[in-house]
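> Please find work_3.txt (compact mmCIF, C-alpha atoms and all ligand atoms) on the next line:
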```
# COMPACT_ATOMS: atom_id res chain seq x y z
CA MET P 29 75.08 48.96 225.42
CA ASN P 30 76.38 52.14 223.76
CA ALA P 31 74.18 52.95 220.76
CA THR P 32 76.81 55.03 218.99
CA ARG P 33 79.14 52.12 218.34
CA THR P 34 76.96 49.05 218.09
CA PRO P 35 76.22 47.53 214.66
CA VAL P 36 72.66 46.22 214.83
CA PRO P 37 71.00 43.75 212.44
CA ILE P 38 67.64 44.85 211.02
CA LEU P 39 66.07 41.81 209.36
CA MET P 40 63.61 42.23 206.49
CA TYR P 41 60.82 39.68 206.09
CA HIS P 42 57.81 39.64 203.77
CA GLU P 43 55.35 36.73 203.99
CA VAL P 44 55.56 33.98 206.61
CA ALA P 45 53.91 31.24 204.55
CA SER P 46 54.56 27.89 202.88
CA ARG P 47 53.67 26.67 199.45
CA PRO P 48 50.99 26.55 198.11
CA ASP P 49 49.86 29.61 200.09
CA SER P 50 52.75 31.57 198.58
CA ALA P 51 55.23 30.71 195.85
CA SER P 52 57.25 33.88 196.50
CA PRO P 53 60.99 33.34 197.06
CA LEU P 54 60.65 35.91 199.86
CA ALA P 55 58.01 33.86 201.74
CA VAL P 56 59.63 32.22 204.78
CA PRO P 57 57.86 28.97 205.83
CA PRO P 58 56.39 29.16 209.37
CA ALA P 59 58.58 26.28 210.63
CA ALA P 60 61.75 28.02 209.40
CA PHE P 61 60.57 31.30 210.94
CA ALA P 62 59.90 29.58 214.29
CA ALA P 63 63.39 28.04 214.16
CA GLN P 64 64.90 31.47 213.45
CA LEU P 65 63.11 32.98 216.46
CA ALA P 66 64.28 30.10 218.66
CA CYS P 67 67.80 30.76 217.45
CA LEU P 68 67.55 34.47 218.38
CA GLN P 69 66.15 33.57 221.78
CA ALA P 70 68.88 31.02 222.49
CA ALA P 71 71.56 33.57 221.52
CA GLY P 72 70.09 36.12 223.97
CA PHE P 73 68.85 38.70 221.47
CA THR P 74 66.37 41.40 222.53
CA THR P 75 64.05 42.64 219.79
CA ILE P 76 63.36 46.36 219.47
CA THR P 77 61.26 48.29 216.96
CA VAL P 78 62.84 50.33 214.17
CA SER P 79 61.75 53.55 215.89
CA GLU P 80 63.32 52.47 219.19
CA LEU P 81 66.53 51.67 217.35
CA ALA P 82 66.53 54.94 215.38
CA ALA P 83 65.86 56.90 218.58
CA ALA P 84 68.81 55.17 220.27
CA PHE P 85 71.04 55.92 217.26
CA ALA P 86 69.89 59.58 217.21
CA GLY P 87 70.10 60.26 220.91
CA GLY P 88 72.78 57.83 221.96
CA ALA P 89 70.32 56.12 224.37
CA GLU P 90 71.31 52.75 225.72
CA LEU P 91 70.43 49.70 223.66
CA PRO P 92 69.70 46.31 225.24
CA GLU P 93 72.39 43.65 225.10
CA ARG P 94 72.31 42.03 221.65
CA PRO P 95 69.65 44.22 220.04
CA ILE P 96 67.93 43.20 216.80
CA ALA P 97 65.00 44.66 214.83
CA LEU P 98 62.61 42.40 212.90
CA THR P 99 60.68 44.07 210.07
CA PHE P 100 57.88 42.81 207.82
CA ASP P 101 57.07 44.60 204.55
CA ASP P 102 53.80 45.12 202.65
CA GLY P 103 51.27 44.09 205.35
CA TYR P 104 50.47 40.44 204.60
CA ALA P 105 47.63 38.86 206.58
CA ASP P 106 49.93 36.00 207.61
CA PHE P 107 51.71 38.42 209.95
CA HIS P 108 48.53 38.49 212.06
CA GLN P 109 47.74 34.80 211.69
CA THR P 110 51.16 33.17 211.81
CA ALA P 111 54.08 35.47 212.64
CA LEU P 112 52.53 37.39 215.56
CA PRO P 113 51.64 34.34 217.69
CA LEU P 114 55.18 32.96 217.16
CA LEU P 115 56.74 36.33 218.08
CA GLN P 116 54.52 36.58 221.18
CA ARG P 117 55.55 33.12 222.32
CA CYS P 118 59.15 34.41 222.44
CA GLY P 119 58.23 37.79 223.94
CA PHE P 120 59.46 39.50 220.75
CA THR P 121 58.29 42.67 219.05
CA ALA P 122 58.61 43.82 215.42
CA THR P 123 57.85 46.59 212.95
CA VAL P 124 55.29 46.00 210.17
CA PHE P 125 55.45 48.34 207.17
CA VAL P 126 51.94 48.60 205.73
CA THR P 127 51.13 49.58 202.12
CA THR P 128 47.92 51.44 202.98
CA GLY P 129 46.22 51.02 199.58
CA TRP P 130 46.79 47.26 199.82
CA VAL P 131 44.93 46.89 203.15
CA GLU P 132 42.26 44.26 202.42
CA ASP P 133 39.31 46.59 203.00
CA ALA P 134 40.99 49.81 201.79
CA GLY P 135 38.86 50.02 198.63
CA PRO P 136 40.03 50.01 195.00
CA VAL P 137 43.67 50.87 194.14
CA PRO P 138 45.20 51.56 190.69
CA ASN P 139 47.62 48.59 190.83
CA PRO P 140 45.89 45.52 192.26
CA ARG P 141 46.84 44.39 195.76
CA PRO P 142 48.48 41.00 196.32
CA ALA P 143 46.25 38.29 197.84
CA ARG P 144 45.77 37.93 201.59
CA MET P 145 46.62 41.34 203.02
CA LEU P 146 45.89 42.60 206.56
CA SER P 147 42.50 44.22 207.10
CA TRP P 148 42.28 47.50 209.04
CA ARG P 149 40.94 45.57 212.05
CA GLN P 150 43.99 43.29 211.93
CA VAL P 151 46.36 46.27 211.60
CA LEU P 152 44.84 47.68 214.80
CA GLU P 153 45.13 44.32 216.58
CA VAL P 154 48.78 44.01 215.55
CA SER P 155 49.44 47.52 216.87
CA ALA P 156 47.57 46.77 220.11
CA ALA P 157 49.86 43.73 220.56
CA GLY P 158 52.83 46.12 220.87
CA VAL P 159 54.12 45.81 217.31
CA GLU P 160 55.15 49.05 215.59
CA ILE P 161 53.24 49.96 212.42
CA GLY P 162 55.27 51.89 209.85
CA ALA P 163 54.36 53.17 206.39
CA HIS P 164 55.32 51.58 203.07
CA SER P 165 53.66 54.09 200.65
CA HIS P 166 50.02 53.94 199.49
CA THR P 167 50.26 51.98 196.22
CA HIS P 168 53.81 50.50 196.38
CA PRO P 169 55.40 52.37 193.44
CA GLU P 170 59.12 52.79 192.75
CA LEU P 171 59.31 56.09 194.62
CA ASP P 172 62.50 57.25 192.89
CA ARG P 173 60.64 57.21 189.55
CA LEU P 174 57.76 59.48 190.63
CA GLY P 175 57.36 63.18 190.00
CA GLY P 176 57.35 65.51 193.01
CA ALA P 177 53.59 65.79 193.50
CA ARG P 178 52.88 62.06 193.30
CA LEU P 179 55.90 61.24 195.44
CA ALA P 180 54.67 63.62 198.16
CA ARG P 181 51.16 62.16 197.92
CA GLU P 182 52.37 58.53 198.29
CA LEU P 183 54.40 59.46 201.36
CA ARG P 184 51.81 61.73 202.99
CA ASP P 185 48.67 59.63 202.28
CA SER P 186 50.07 56.44 203.77
CA LYS P 187 51.33 58.27 206.86
CA SER P 188 48.08 60.15 207.53
CA LEU P 189 45.85 57.12 206.85
CA LEU P 190 47.82 55.08 209.39
CA GLU P 191 47.92 57.92 211.93
CA ASP P 192 44.15 58.43 211.64
CA ARG P 193 43.47 54.73 212.19
CA LEU P 194 46.06 54.21 214.94
CA GLY P 195 45.45 57.53 216.69
CA GLY P 196 49.18 58.22 217.10
CA PRO P 197 52.31 59.24 215.19
CA VAL P 198 53.86 57.00 212.51
CA PRO P 199 57.53 58.03 212.37
CA ALA P 200 58.91 55.06 210.38
CA LEU P 201 58.88 54.42 206.64
CA ALA P 202 60.25 51.62 204.46
CA TYR P 203 60.80 52.40 200.76
CA PRO P 204 58.95 49.99 198.42
CA PHE P 205 61.54 47.69 196.76
CA GLY P 206 64.09 49.49 198.96
CA TYR P 207 64.46 52.13 196.22
CA SER P 208 65.29 55.65 197.30
CA SER P 209 67.41 58.59 196.13
CA THR P 210 68.48 61.86 197.70
CA ARG P 211 65.23 63.40 196.40
CA VAL P 212 63.08 60.59 197.87
CA ARG P 213 64.85 60.81 201.22
CA GLN P 214 64.29 64.59 201.30
CA ALA P 215 60.61 64.09 200.44
CA ALA P 216 60.30 61.53 203.25
CA ARG P 217 61.74 64.05 205.69
CA ALA P 218 59.39 66.75 204.36
CA ALA P 219 56.41 64.40 204.80
CA GLY P 220 57.23 64.24 208.52
CA TYR P 221 58.94 60.85 208.84
CA GLN P 222 61.75 60.57 211.37
CA HIS P 223 63.63 57.68 209.77
CA ALA P 224 63.32 55.19 206.92
CA CYS P 225 64.51 51.71 206.03
CA ALA P 226 66.18 50.74 202.77
CA VAL P 227 67.48 47.23 201.98
CA ALA P 228 71.27 47.42 201.35
CA ASN P 229 72.03 44.09 203.08
CA ALA P 230 74.41 45.54 205.66
CA MET P 231 74.34 45.99 209.44
CA ALA P 232 72.85 49.27 210.74
CA ASP P 233 74.82 51.63 212.96
CA ALA P 234 74.53 55.15 214.34
CA GLY P 235 76.84 56.55 211.65
CA ARG P 236 74.35 55.82 208.87
CA ASP P 237 71.86 58.23 207.29
CA ARG P 238 68.72 57.64 209.39
CA PHE P 239 66.71 57.88 206.16
CA ALA P 240 68.61 54.93 204.68
CA LEU P 241 68.78 52.35 207.47
CA PRO P 242 70.09 49.15 205.89
CA ARG P 243 68.28 45.84 206.33
CA LEU P 244 69.25 42.21 205.80
CA THR P 245 66.92 40.15 203.59
CA VAL P 246 65.54 36.85 204.94
CA ARG P 247 64.03 34.66 202.23
CA ARG P 248 62.67 31.16 201.68
CA SER P 249 66.14 29.89 200.72
CA THR P 250 67.88 31.34 203.81
CA ARG P 251 69.34 28.33 205.59
CA GLN P 252 69.60 28.18 209.37
CA ARG P 253 73.41 28.42 209.25
CA THR P 254 73.26 31.53 207.06
CA PHE P 255 70.63 33.04 209.36
CA ASP P 256 72.91 32.36 212.31
CA GLN P 257 75.76 34.23 210.59
CA MET P 258 73.48 37.11 209.55
CA MET P 259 72.15 37.78 213.05
CA ARG P 260 75.71 37.89 214.34
CA GLY P 261 76.83 40.17 211.51
CA GLN P 262 79.29 37.58 210.25
CA HIS P 263 80.17 37.28 206.54
CA VAL P 264 77.35 39.68 205.60
CA PRO P 265 79.07 40.92 202.38
CA VAL P 266 79.70 37.30 201.33
CA ILE P 267 76.14 36.14 202.09
CA PHE P 268 74.68 38.96 199.99
CA ALA P 269 77.37 39.11 197.26
CA LYS P 270 74.91 37.79 194.66
CA ASP P 271 72.21 40.29 195.76
CA ARG P 272 74.67 43.13 195.33
CA SER P 273 75.49 42.23 191.75
CA LEU P 274 71.78 41.72 190.99
CA THR P 275 70.91 45.09 192.53
CA LYS P 276 73.67 46.78 190.53
CA GLY P 277 72.48 45.11 187.32
CA TRP P 278 68.88 46.09 187.96
CA ALA P 279 69.85 49.69 188.80
CA MET P 280 71.60 49.84 185.42
CA VAL P 281 68.55 48.42 183.59
CA ARG P 282 66.30 50.98 185.29
CA ARG P 283 68.70 53.84 184.45
CA THR P 284 68.97 52.70 180.82
CA ARG P 285 65.17 52.54 180.49
CA ALA P 286 64.90 56.06 181.92
CA VAL P 287 67.49 57.32 179.42
CA VAL P 288 65.71 55.59 176.53
CA ARG P 289 62.43 57.19 177.59
CA ALA P 290 64.06 60.63 177.92
CA VAL P 291 65.62 60.29 174.45
CA ALA P 292 62.23 59.21 173.07
CA GLY P 293 60.72 62.36 174.54
CA GLY P 294 58.94 60.71 177.48
CA SER P 295 59.44 61.56 181.14
ZN ZN S 1 57.17 46.12 199.64
```
Can you turn what I pasted into structure tokens?
Ligand SMILES: [Zn+2]

Amino acid sequence: MNATRTPVPILMYHEVASRPDSASPLAVPPAAFAAQLACLQAAGFTTITVSELAAAFAGGAELPERPIALTFDDGYADFHQTALPLLQRCGFTATVFVTTGWVEDAGPVPNPRPARMLSWRQVLEVSAAGVEIGAHSHTHPELDRLGGARLARELRDSKSLLEDRLGGPVPALAYPFGYSSTRVRQAARAAGYQHACAVANAMADAGRDRFALPRLTVRRSTRQRTFDQMMRGQHVPVIFAKDRSLTKGWAMVRRTRAVVRAVAGGS
């Protein structure tokens, strides 16, 4: 399949867990996740990693028939316990974006890590199972709000920590909260990343900035029918219409706060 013309869905997951293990609206219950994988398998999708997809977009290499990339943000332990065995049963791969400071045995971090994160041993096991490990910053800040030095540190530390542990290059990044700006994307490039994922809730294609690859959000409330439409790229603007207005509203709140701080003499 010609990589220059094909729109490809990149799905964004977080936890694969049920209540009471997680109350997050982004936590997809294991049974729903298994049903989604079965749906992809029945429709003949082939999973590829984000770096395989980005390389195909950059070099025009052939993509498999019906390509799709599955991504998992933050580095929750349930990826190792729950998602990976289900993916393996289908012969699927994925990309896991790890917040390095949140790794269970990473030591103290300024902002506390969520419960139940992958340990370094589990990160290595996930990688050994053929899943791509990408970076997701060190402490999960809003990167577009950081000054230059701290921004560079967040991007470089997470990349080098992962590369040291994995013993190989880590070319892929996902921006925490999906927030980036021209400055953040330049800093990501300067830190040595080859490509980066945003959110955007649109299909990815070769014409996009490879430092702003859009992803489609899968959440607890995503029904099977909606999932079916998403993976086929149908009605994507309609499915995410509410997200778009929320994102716009939030961007305005964040901008207003920044202006208020600037007026008050802060930075
Ligand atoms: Zn995140």
> As a PyMOL selection string, please: the residues near Ser147 (chain P) (cut-off 6 Å, only C-alpha atoms, same-chain neighbours under 6 positions excluded).
chain P and resi 131-133
> Between P:Asn139, P:Ser79, P:Thr127, P:Gln222, which has the minimum distance to ligand ZN 1 (chain S) (counting all atoms listed in the file)?
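Answer, going by the shortest atom-to-atom distance: P:Thr127.
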> One decimal, in Å: what's the spacing between CA of Val44 (chain P) and CA of Glu80 (chain P)?
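CA of Glu80 (chain P) lies 23.7 Å from CA of Val44 (chain P).
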> Can you build me a table of chain P residues sitting at most 10 Å from ligand ZN 1 (chain S), with the closest atom pair per residue and its distance in Å to one decimal, using only C-alpha atoms and all ligand atoms, sorted by chain and residue number, as CSV?

```
residue,atom,partner,partner_atom,distance
P:Tyr41,CA,S:ZN1,ZN,9.8
P:His42,CA,S:ZN1,ZN,7.7
P:Phe100,CA,S:ZN1,ZN,8.9
P:Asp101,CA,S:ZN1,ZN,5.1
P:Asp102,CA,S:ZN1,ZN,4.6
P:Gly103,CA,S:ZN1,ZN,8.5
P:Phe125,CA,S:ZN1,ZN,8.0
P:Val126,CA,S:ZN1,ZN,8.4
P:Thr127,CA,S:ZN1,ZN,7.4
P:His164,CA,S:ZN1,ZN,6.7
P:Ser165,CA,S:ZN1,ZN,8.8
P:Thr167,CA,S:ZN1,ZN,9.7
P:His168,CA,S:ZN1,ZN,6.4
P:Pro169,CA,S:ZN1,ZN,9.0
P:Glu170,CA,S:ZN1,ZN,9.8
P:Ala202,CA,S:ZN1,ZN,7.9
P:Tyr203,CA,S:ZN1,ZN,7.3
P:Pro204,CA,S:ZN1,ZN,4.4
P:Phe205,CA,S:ZN1,ZN,5.5
P:Gly206,CA,S:ZN1,ZN,7.7
```
> Hey, which of P:Ala224, P:Asp106, P:Glu182, P:Val159 ends up closest to Met145 (chain P)? Count all atoms listed in the file.
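Residue with the minimum atom-to-atom distance to Met145 (chain P): P:Asp106.
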> From the set P:Leu183, P:Met231, P:Ala51, P:His108, which residue has the shortest atom-to-atom contact distance to Ala218 (chain P), counting all atoms listed in the file?
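Smallest separation from Ala218 (chain P) among the options: P:Leu183.
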> Which of these residues is nearest to Pro113 (chain P), using all atoms listed in the file: P:Pro95, P:Gly72, P:Gly129, P:Pro58?
P:Pro58
> So what do you get for CA of Thr74 (chain P) versus CA of Ser155 (chain P), distance-wise?
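Interatomic distance, CA of Thr74 (chain P) to CA of Ser155 (chain P): 18.9 Å.
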> Using all atoms listed in the file, determine which residues lie at most 6 Å from Ala45 (chain P), disregarding the query and same-chain residues fewer than 3 positions distant; provide the list as a PyMOL selection string.
chain P and resi 55-58
> Could you state the separation of CA of Gln214 (chain P) and CA of Trp148 (chain P) in Å, given to one decimal place?
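CA of Gln214 (chain P) sits 28.9 Å away from CA of Trp148 (chain P).
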> Fewer than 3 positions away in the same chain doesn't count, so skip those; otherwise give me all residues within 10 Å of Leu115 (chain P), counting only C-alpha atoms, as a PDB file with C-alpha atoms, in the coordinates of the input.

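So the final result, stored in result36.pdb, reads:
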```pdb
ATOM      1  CA  PHE P  61      60.570  31.300 210.940  1.00  0.00           C
ATOM      2  CA  ALA P  62      59.900  29.580 214.290  1.00  0.00           C
ATOM      3  CA  LEU P  65      63.110  32.980 216.460  1.00  0.00           C
ATOM      4  CA  ALA P  66      64.280  30.100 218.660  1.00  0.00           C
ATOM      5  CA  THR P  75      64.050  42.640 219.790  1.00  0.00           C
ATOM      6  CA  LEU P  98      62.610  42.400 212.900  1.00  0.00           C
ATOM      7  CA  PHE P 107      51.710  38.420 209.950  1.00  0.00           C
ATOM      8  CA  THR P 110      51.160  33.170 211.810  1.00  0.00           C
ATOM      9  CA  ALA P 111      54.080  35.470 212.640  1.00  0.00           C
ATOM     10  CA  LEU P 112      52.530  37.390 215.560  1.00  0.00           C
ATOM     11  CA  CYS P 118      59.150  34.410 222.440  1.00  0.00           C
ATOM     12  CA  GLY P 119      58.230  37.790 223.940  1.00  0.00           C
ATOM     13  CA  PHE P 120      59.460  39.500 220.750  1.00  0.00           C
ATOM     14  CA  THR P 121      58.290  42.670 219.050  1.00  0.00           C
ATOM     15  CA  ALA P 122      58.610  43.820 215.420  1.00  0.00           C
ATOM     16  CA  VAL P 159      54.120  45.810 217.310  1.00  0.00           C
TER      17      VAL P 159
END
```
> Neighbours of Arg243 (chain P) within 9 Å (all atoms listed in the file; same-chain residues fewer than 4 positions away dropped), as an MDAnalysis selection string?
chainID P and resid 37:40 99 225:232
> Quick one: of P:Ala269, P:Ala180, P:Met259, P:Val137, who's nearest to Ala71 (chain P), counting all atoms listed in the file?
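Closest candidate: P:Met259.
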> Rank P:Pro92, P:Ser209, P:Arg193, P:Gln64 by their smallest atom-to-atom distance to Ala156 (chain P), using all atoms listed in the file, and report the top residue only.
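Going through P:Pro92, P:Ser209, P:Arg193, P:Gln64 one by one, the smallest distance to Ala156 (chain P) is for P:Arg193.
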> Tell me which protein, DNA and RNA residues are within 8 Å of Ser208 (chain P), counting all atoms listed in the file, leaving out same-chain ones fewer than 3 positions away, and put them as a ChimeraX atom specification.
/P:171-172,203,211-213,226
